[in-house]
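Here's my_file.txt, which has compact mmCIF, C-alpha atoms and all ligand atoms:
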```txt
# COMPACT_ATOMS: atom_id res chain seq x y z
CA MET U 1 120.25 137.40 122.16
CA SER U 2 120.70 135.16 119.13
CA LYS U 3 117.69 133.67 117.41
CA ALA U 4 116.79 129.98 117.50
CA ASN U 5 117.44 127.57 114.67
CA ILE U 6 114.21 126.88 112.82
CA ILE U 7 113.60 123.12 112.58
CA ASP U 8 112.39 122.51 109.03
CA GLY U 9 109.61 119.92 109.26
CA LYS U 10 108.78 120.26 105.59
CA ALA U 11 112.31 119.32 104.51
CA LEU U 12 112.55 116.43 106.99
CA ALA U 13 109.15 115.11 105.88
CA LEU U 14 110.19 115.34 102.21
CA SER U 15 113.34 113.35 102.84
CA LEU U 16 111.43 110.75 104.91
CA ARG U 17 108.85 110.44 102.12
CA ALA U 18 111.60 109.93 99.56
CA SER U 19 113.08 107.10 101.69
CA ILE U 20 109.59 105.59 102.07
CA ALA U 21 109.09 105.63 98.30
CA GLU U 22 112.42 103.80 97.88
CA ALA U 23 111.42 101.26 100.53
CA VAL U 24 108.05 100.70 98.86
CA ALA U 25 109.73 100.17 95.47
CA GLU U 26 112.06 97.60 97.09
CA LEU U 27 109.18 95.78 98.82
CA THR U 28 107.16 95.72 95.60
CA ASP U 29 110.11 94.52 93.57
CA LYS U 30 111.56 91.91 95.93
CA HIS U 31 108.45 90.69 97.75
CA GLN U 32 105.53 91.73 95.51
CA LEU U 33 104.31 93.60 98.58
CA VAL U 34 102.46 96.85 97.86
CA PRO U 35 101.59 98.51 101.19
CA GLY U 36 97.95 99.62 101.11
CA LEU U 37 96.29 102.32 103.21
CA ALA U 38 92.50 102.62 103.57
CA VAL U 39 91.18 105.98 104.73
CA VAL U 40 87.59 106.25 105.90
CA ILE U 41 85.88 109.61 106.21
CA ILE U 42 82.33 110.25 107.38
CA GLY U 43 80.45 113.47 106.77
CA ASP U 44 81.59 116.62 105.01
CA ASP U 45 83.78 118.46 107.54
CA PRO U 46 85.92 120.63 105.19
CA ALA U 47 89.13 120.35 107.30
CA SER U 48 88.83 116.53 107.37
CA GLN U 49 88.25 116.48 103.58
CA VAL U 50 91.48 118.46 103.08
CA TYR U 51 93.47 116.08 105.35
CA VAL U 52 92.07 113.02 103.61
CA ARG U 53 92.82 114.36 100.11
CA SER U 54 96.36 115.14 101.14
CA LYS U 55 96.81 111.68 102.76
CA ARG U 56 95.57 110.03 99.56
CA LYS U 57 97.91 112.05 97.32
CA SER U 58 100.92 111.34 99.53
CA THR U 59 100.11 107.61 99.69
CA GLU U 60 99.94 107.30 95.90
CA LYS U 61 103.08 109.42 95.45
CA ALA U 62 104.97 106.97 97.66
CA GLY U 63 103.93 104.10 95.33
CA MET U 64 101.49 102.65 97.85
CA ALA U 65 97.90 101.58 97.24
CA SER U 66 95.27 103.99 98.51
CA PHE U 67 91.64 103.06 99.24
CA ALA U 68 89.31 105.93 100.04
CA HIS U 69 85.89 105.37 101.60
CA THR U 70 83.79 108.52 101.80
CA LEU U 71 80.57 107.90 103.70
CA PRO U 72 77.61 110.24 104.28
CA GLY U 73 77.15 111.84 107.72
CA SER U 74 74.02 109.70 108.19
CA THR U 75 76.06 106.44 108.16
CA SER U 76 75.14 104.28 111.18
CA GLN U 77 77.73 102.97 113.62
CA GLN U 78 76.94 99.42 112.51
CA GLU U 79 77.52 100.30 108.83
CA LEU U 80 80.91 101.76 109.77
CA LEU U 81 81.80 98.69 111.87
CA ASP U 82 80.83 96.43 108.92
CA LEU U 83 83.11 98.43 106.61
CA ILE U 84 85.98 98.15 109.12
CA ALA U 85 85.42 94.38 109.40
CA GLY U 86 85.74 94.15 105.60
CA LEU U 87 88.96 96.18 105.63
CA ASN U 88 90.35 94.07 108.50
CA ALA U 89 89.86 90.99 106.30
CA ASP U 90 91.13 92.54 103.04
CA PRO U 91 94.70 91.33 102.30
CA ALA U 92 95.42 94.38 100.09
CA VAL U 93 94.82 96.71 103.05
CA HIS U 94 97.66 96.97 105.60
CA GLY U 95 96.63 100.20 107.28
CA ILE U 96 93.20 101.50 108.27
CA LEU U 97 92.64 105.09 109.28
CA VAL U 98 89.24 106.41 110.31
CA GLN U 99 89.35 110.20 110.14
CA LEU U 100 88.35 111.85 113.43
CA PRO U 101 86.22 113.52 114.65
CA LEU U 102 83.26 111.23 114.00
CA PRO U 103 79.62 112.37 113.96
CA GLU U 104 78.04 112.44 117.43
CA HIS U 105 75.93 109.30 116.96
CA ILE U 106 79.07 107.17 116.50
CA ASP U 107 81.18 106.15 119.50
CA GLU U 108 84.84 106.88 118.79
CA SER U 109 86.23 104.32 121.20
CA THR U 110 84.06 101.48 119.79
CA VAL U 111 85.29 102.32 116.28
CA ILE U 112 88.97 102.52 117.28
CA CYS U 113 88.68 99.16 119.08
CA ALA U 114 87.11 97.56 115.98
CA ILE U 115 90.25 98.17 113.90
CA GLU U 116 92.58 95.16 113.76
CA PRO U 117 95.58 96.28 115.92
CA ALA U 118 98.04 95.09 113.25
CA LYS U 119 96.40 97.55 110.79
CA ASP U 120 95.94 100.40 113.28
CA VAL U 121 98.32 102.85 111.58
CA ASP U 122 97.05 105.73 113.73
CA GLY U 123 98.27 103.80 116.79
CA PHE U 124 95.10 104.66 118.74
CA HIS U 125 93.96 101.08 119.57
CA PRO U 126 94.38 100.27 123.29
CA MET U 127 96.49 97.25 122.29
CA ASN U 128 99.04 99.50 120.56
CA ALA U 129 98.87 102.06 123.39
CA GLY U 130 99.61 99.23 125.86
CA LEU U 131 102.47 97.83 123.78
CA LEU U 132 103.98 101.31 123.53
CA ALA U 133 103.59 101.88 127.28
CA THR U 134 105.32 98.57 128.07
CA GLY U 135 108.21 99.26 125.72
CA GLN U 136 107.28 96.63 123.13
CA PRO U 137 107.17 97.04 119.34
CA ALA U 138 103.95 98.87 118.48
CA LEU U 139 102.33 101.07 115.88
CA ALA U 140 102.82 104.43 117.60
CA PRO U 141 100.68 107.53 116.88
CA CYS U 142 102.03 109.55 113.95
CA THR U 143 102.20 113.06 115.41
CA PRO U 144 104.25 112.01 118.48
CA VAL U 145 106.59 109.92 116.29
CA GLY U 146 107.10 112.92 114.00
CA SER U 147 107.66 115.21 116.99
CA VAL U 148 110.45 112.97 118.31
CA MET U 149 112.12 112.92 114.88
CA LEU U 150 112.05 116.73 114.82
CA ALA U 151 113.45 116.94 118.35
CA ARG U 152 116.27 114.59 117.30
CA GLN U 153 117.07 116.88 114.36
CA ALA U 154 117.75 119.64 116.85
CA ALA U 155 119.30 117.75 119.76
CA ARG U 156 120.63 114.49 118.24
CA ASN U 157 120.90 112.78 121.65
CA LEU U 158 117.80 113.26 123.77
CA SER U 159 119.06 111.04 126.60
CA GLY U 160 118.89 112.68 130.02
CA LEU U 161 117.07 115.79 128.81
CA GLU U 162 114.34 117.30 130.95
CA ALA U 163 111.25 117.09 128.68
CA VAL U 164 108.00 118.89 129.46
CA ILE U 165 104.92 118.13 127.36
CA ILE U 166 101.95 120.46 127.78
CA GLY U 167 98.84 118.38 126.94
CA ARG U 168 97.92 114.84 127.98
CA SER U 169 95.62 113.65 125.16
CA ASN U 170 95.60 110.02 124.07
CA ILE U 171 96.66 110.99 120.55
CA VAL U 172 99.54 113.36 121.32
CA GLY U 173 100.64 113.99 124.92
CA LYS U 174 100.47 110.50 126.46
CA PRO U 175 102.06 108.54 123.58
CA LEU U 176 104.71 111.25 123.19
CA ALA U 177 105.57 110.83 126.88
CA GLN U 178 106.12 107.11 126.26
CA LEU U 179 108.30 107.77 123.21
CA LEU U 180 110.41 110.32 125.09
CA LEU U 181 110.83 107.88 127.99
CA ARG U 182 112.22 105.42 125.42
CA GLU U 183 114.70 108.15 124.46
CA ASN U 184 115.69 108.33 128.16
CA CYS U 185 114.28 111.80 128.74
CA THR U 186 113.00 112.77 132.18
CA VAL U 187 109.38 113.42 131.26
CA THR U 188 106.79 115.73 132.81
CA LEU U 189 103.23 115.74 131.41
CA ALA U 190 101.55 119.06 132.16
CA HIS U 191 97.85 119.83 131.67
CA SER U 192 95.05 122.24 132.53
CA ARG U 193 95.35 121.57 136.29
CA THR U 194 99.14 121.97 136.45
CA ARG U 195 100.18 124.58 139.00
CA ASP U 196 102.68 127.22 137.84
CA LEU U 197 102.64 125.98 134.24
CA ALA U 198 105.11 128.66 133.12
CA GLY U 199 107.55 127.59 135.86
CA VAL U 200 107.22 123.92 134.92
CA ALA U 201 107.73 124.77 131.22
CA ARG U 202 110.84 126.82 132.05
CA ARG U 203 112.52 123.67 133.46
CA ALA U 204 112.43 122.01 130.04
CA ASP U 205 115.42 121.33 127.82
CA LEU U 206 112.78 119.98 125.42
CA LEU U 207 109.40 121.72 125.55
CA VAL U 208 106.46 120.35 123.58
CA ALA U 209 103.17 122.24 123.32
CA ALA U 210 100.10 120.16 122.39
CA VAL U 211 97.29 122.17 123.88
CA GLY U 212 95.08 123.65 121.16
CA ARG U 213 95.34 127.23 122.51
CA PRO U 214 96.75 129.79 120.07
CA GLU U 215 100.15 131.21 121.10
CA MET U 216 99.65 130.29 124.79
CA VAL U 217 103.32 129.50 125.46
CA LYS U 218 105.14 132.80 125.82
CA GLY U 219 108.82 133.58 125.41
CA ASP U 220 109.42 133.76 129.18
CA TRP U 221 108.08 130.16 129.54
CA VAL U 222 111.07 128.94 127.52
CA LYS U 223 114.44 128.07 129.05
CA PRO U 224 117.20 129.80 127.06
CA GLY U 225 118.58 127.38 124.47
CA ALA U 226 115.71 124.86 124.82
CA VAL U 227 114.32 122.85 121.91
CA VAL U 228 110.66 123.80 121.36
CA ILE U 229 108.29 121.55 119.41
CA ASP U 230 104.94 123.19 118.64
CA VAL U 231 102.26 120.59 117.87
CA GLY U 232 99.36 123.06 117.94
CA ILE U 233 97.44 123.98 114.82
CA ASN U 234 95.03 126.85 115.40
CA ARG U 235 93.27 128.99 112.80
CA ILE U 236 92.90 132.59 113.99
CA ALA U 237 91.29 135.67 112.44
CA THR U 238 93.56 138.36 111.00
CA ASP U 239 92.94 142.13 110.97
CA ASP U 240 92.21 142.09 107.22
CA GLY U 241 89.26 139.73 107.69
CA GLY U 242 91.19 136.61 106.66
CA THR U 243 92.60 133.79 108.77
CA ARG U 244 96.02 132.31 109.43
CA LEU U 245 97.46 129.26 111.15
CA VAL U 246 99.36 129.63 114.42
CA GLY U 247 100.71 127.12 116.90
CA ASP U 248 100.34 126.84 120.66
CA VAL U 249 103.63 128.73 121.06
CA ASP U 250 104.05 132.47 120.59
CA PHE U 251 106.64 131.95 117.86
CA GLY U 252 107.76 135.60 117.67
CA GLU U 253 108.67 135.59 121.36
CA ALA U 254 109.92 132.01 121.73
CA VAL U 255 112.25 132.22 118.72
CA GLN U 256 114.25 134.88 120.60
CA VAL U 257 114.92 132.55 123.54
CA ALA U 258 114.90 128.92 122.30
CA GLY U 259 117.89 127.10 120.82
CA ALA U 260 115.71 125.50 118.16
CA ILE U 261 112.00 125.69 117.37
CA THR U 262 109.46 124.26 114.92
CA PRO U 263 107.35 126.74 112.94
CA VAL U 264 103.59 126.48 112.31
CA PRO U 265 102.88 125.69 109.56
CA GLY U 266 105.88 123.72 108.29
CA GLY U 267 106.89 121.93 111.50
CA VAL U 268 105.05 118.98 113.03
CA GLY U 269 102.17 118.97 110.49
CA PRO U 270 104.11 117.65 107.46
CA MET U 271 105.78 115.01 109.65
CA THR U 272 102.42 113.57 110.71
CA ILE U 273 101.52 112.44 107.17
CA ALA U 274 105.04 111.16 106.48
CA CYS U 275 104.87 109.08 109.69
CA LEU U 276 101.47 107.72 108.66
CA LEU U 277 103.08 106.38 105.47
CA ARG U 278 105.95 104.98 107.53
CA ASN U 279 103.49 103.23 109.85
CA THR U 280 101.72 101.73 106.82
CA VAL U 281 105.02 100.30 105.55
CA GLN U 282 105.74 98.98 109.08
CA ALA U 283 102.28 97.36 109.26
CA ALA U 284 102.61 95.83 105.76
CA CYS U 285 106.02 94.32 106.61
CA ALA U 286 104.78 92.91 109.94
CA ILE U 287 101.67 91.39 108.35
CA ALA U 288 103.66 89.91 105.45
CA GLY U 289 106.49 88.70 107.71
CA VAL U 290 109.06 90.72 105.74
CA GLU U 291 111.89 92.67 107.36
CA MET U 292 111.10 96.40 107.47
CA PRO U 293 113.55 98.48 105.40
CA LYS U 294 115.41 101.02 107.57
CA LEU U 295 113.44 104.29 107.62
P1 LIG U 301 93.12 117.84 123.19
O1 LIG U 301 92.69 116.42 123.12
O2 LIG U 301 92.10 118.92 123.23
O3 LIG U 301 94.07 117.98 124.48
C1 LIG U 301 94.53 119.23 124.89
C2 LIG U 301 95.38 119.07 126.13
O4 LIG U 301 95.80 120.39 126.51
C3 LIG U 301 94.63 118.49 127.33
O5 LIG U 301 95.43 117.56 128.00
C4 LIG U 301 94.35 119.70 128.22
O6 LIG U 301 94.39 119.44 129.61
C5 LIG U 301 95.51 120.59 127.88
N1 LIG U 301 95.15 121.99 128.08
C6 LIG U 301 94.07 122.66 127.60
N2 LIG U 301 94.08 123.93 128.03
C7 LIG U 301 95.18 124.06 128.82
C8 LIG U 301 95.72 125.13 129.55
N3 LIG U 301 95.15 126.34 129.58
N4 LIG U 301 96.84 124.91 130.25
C9 LIG U 301 97.44 123.70 130.25
N5 LIG U 301 96.98 122.66 129.56
C10 LIG U 301 95.84 122.83 128.86
O7 LIG U 301 94.09 118.23 121.99
P2 LIG U 301 95.05 117.31 121.07
O8 LIG U 301 94.22 116.48 120.17
O9 LIG U 301 96.11 116.67 121.90
O10 LIG U 301 95.71 118.44 120.17
C11 LIG U 301 96.48 119.49 120.72
C12 LIG U 301 96.87 120.47 119.62
O11 LIG U 301 97.65 119.77 118.66
C13 LIG U 301 95.70 121.04 118.82
O12 LIG U 301 96.02 122.36 118.42
C14 LIG U 301 95.62 120.16 117.59
O13 LIG U 301 95.07 120.83 116.46
C15 LIG U 301 97.09 119.90 117.36
N6 LIG U 301 97.36 118.64 116.63
C16 LIG U 301 98.22 118.74 115.59
C17 LIG U 301 98.56 117.61 114.88
C18 LIG U 301 99.54 117.74 113.76
O14 LIG U 301 99.58 116.92 112.86
N7 LIG U 301 100.42 118.76 113.80
C19 LIG U 301 97.99 116.38 115.19
C20 LIG U 301 97.13 116.29 116.29
C21 LIG U 301 96.82 117.46 117.02
P3 LIG U 301 93.30 118.52 130.38
O15 LIG U 301 93.64 117.11 130.00
O16 LIG U 301 93.55 118.83 131.80
O17 LIG U 301 91.97 118.96 129.85
```
Spell out the structure here as structure tokens.
Ligand code: NAP
Amino acid sequence: MSKANIIDGKALALSLRASIAEAVAELTDKHQLVPGLAVVIIGDDPASQVYVRSKRKSTEKAGMASFAHTLPGSTSQQELLDLIAGLNADPAVHGILVQLPLPEHIDESTVICAIEPAKDVDGFHPMNAGLLATGQPALAPCTPVGSVMLARQAARNLSGLEAVIIGRSNIVGKPLAQLLLRENCTVTLAHSRTRDLAGVARRADLLVAAVGRPEMVKGDWVKPGAVVIDVGINRIATDDGGTRLVGDVDFGEAVQVAGAITPVPGGVGPMTIACLLRNTVQAACAIAGVEMPKL
């Protein structure tokens, strides 16, 4: 059996970031509009610190303004809400991202709802979720947007495909289902109570795994020739005492069966940050009333 094409998320993200940088230069030049992204991080979770550093570097590299707010883990919910209110009112800030997870004493939903929907570049605000679900222009969550772009790389026309998404979270599975409906896929959302998960997965022309369980999706869950998008990022221990990143798909098995597949790392991950920058440009254009350059 021939091996699947590997969908190169790193290369696609690089080319998207180059187009974003061009768009930002054009907006700055023609409209004196410098898209600005504020990233708020609370506490000292090492993984979150790494994500935030990388978001900041990418934002600046694209020619955009970056505002970092690093708050101690003891920050109260009210202090965070006050900061968000300030960012909502700041005309230099077009996108606001509060890095999750938050410390236990802060209610995630209250914080997400406090972000001005027009600046909600994570696309988590119920207003944006509702706009997306009703097929209206919205800021859509970055990982699902990136996943659709990767699927399009492999299948060009997604219309009519049987798509199965394993995972129904608000940040990945549900918004991805909405985006794939827009692409005219026939969408199934599977989850922990799905009966015969392997059988459901095997129906998919486009199979997306967003579960958070290392290498759960085996080769015999994959329909021959299917496009497989692996959203999972799991750090597992190796025999030599180190760690490595793996997805939710058993890559070694699935690559023998699929038509195309994303690797981990180097698949969905790099697209998430590129789509965050794209959302910030989209938000800046909408707020300024300027036409969004094609990205
Ligand atoms: P989540 O909120 O924990 O949701 C996991 C989903 O998987 C839930 O819907 C759950 O079902 C389902 N699930 C759990 N165990 C299952 C099982 N044994 N069989 C079938 N379904 C099962 O996770 P998430 O935030 O969506 O993230 C999912 C994965 O994507 C994680 O590995 C995360 O690190 C990764 N991720 C990557 C990026 C990126 O940039 N690449 C971004 C976000 C997330 P129930 O609803 O029934 O509990």
- Task: Using all atoms listed in the file, determine which residues lie at most 12 Å from Ala85 in chain U, disregarding the query and same-chain residues fewer than 2 positions distant; provide the list as a list of chain:residue names.
- Result: U:Gln78, U:Glu79, U:Leu80, U:Leu81, U:Asp82, U:Leu83, U:Leu87, U:Asn88, U:Ala89, U:Asp90, U:Val93, U:Ile96, U:Val111, U:Ile112, U:Cys113, U:Ala114, U:Ile115, U:Glu116, U:Lys119
Do you know which residues are at most 12 Å from Ser109 in chain U counting only C-alpha atoms, after dropping those on the same chain fewer than 5 positions away, and could you put them as a CSV table (one decimal) with C-alpha atoms, keeping the file's coordinate frame?
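Ended up saving to result13.csv:
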```csv
chain,number,residue,atom,x,y,z
U,77,GLN,CA,77.7,103.0,113.6
U,81,LEU,CA,81.8,98.7,111.9
U,98,VAL,CA,89.2,106.4,110.3
U,100,LEU,CA,88.4,111.8,113.4
U,101,PRO,CA,86.2,113.5,114.6
U,102,LEU,CA,83.3,111.2,114.0
U,114,ALA,CA,87.1,97.6,116.0
U,115,ILE,CA,90.2,98.2,113.9
U,124,PHE,CA,95.1,104.7,118.7
U,125,HIS,CA,94.0,101.1,119.6
U,126,PRO,CA,94.4,100.3,123.3
U,170,ASN,CA,95.6,110.0,124.1
```
- Item | Given 10 Å and all atoms listed in the file, residues near ligand LIG 301 (chain U) as a VMD selection string | chain U and resid 51 141 to 144 146 to 147 165 to 174 189 to 198 209 to 214 216 to 217 230 to 235 246 to 248 264 to 273 275
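Residues with any atom within 10 Å of Ile287 in chain U, counting all atoms listed in the file and excluding same-chain neighbours fewer than 2 positions away, are Pro91, His94, Ala118, Lys119, Val281, Gln282, Ala283, Ala284, Cys285, Gly289 and Val290 of chain U.
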- Task: Just give me the gap between CA of Arg278 in chain U and CA of Leu295 in chain U in Å, one decimal is fine.
- Result: 7.5 Å
- What lies within 12 Å of Ala25 in chain U using all atoms listed in the file, ignoring chain neighbours under 3 positions off, as a PyMOL selection string? chain U and resi 18-22+28-35+61-64+281+293
- Message: Just want the 12 Å neighbourhood of Ala226 in chain U, counted on only C-alpha atoms, with same-chain residues fewer than 6 positions away dropped. Output as number ranges by chain.
- Response: U: 3-5, 151, 154-155, 158, 161-164, 201-208, 219-220, 254-262
- Query: From the set U:Val222, U:Met149, U:Ile7, U:Ala38, which residue has the shortest atom-to-atom contact distance to Asp120 in chain U, counting all atoms listed in the file?
  - Reply: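 Smallest separation from Asp120 in chain U among the options: U:Ala38.
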Go ahead and fit an axis-aligned box to every listed atom of range 109-121 of chain U plus 8 Å each side, and pass me the centre and edge lengths in Å, one decimal, as JSON.
```
{"center_x": 91.2, "center_y": 99.7, "center_z": 116.0, "size_x": 30.3, "size_y": 25.2, "size_z": 26.4}
```
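Closest approach to Val40 in chain U from the set U:Leu71, U:Ala13, U:Val200, U:Asp122 is made by U:Leu71, with distances taken over all atoms listed in the file.
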- Query: At what distance in Å, to one decimal, does CA of Leu37 in chain U lie from CA of Val121 in chain U?
  - Reply: 8.6 Å
- Item | Minimum-distance residue to Asp8 in chain U, chosen among U:Gln153, U:Thr280, U:Asn128, U:Asn184 (using all atoms listed in the file) |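 Ranking U:Gln153, U:Thr280, U:Asn128, U:Asn184 by distance to Asp8 in chain U, first place goes to U:Gln153.
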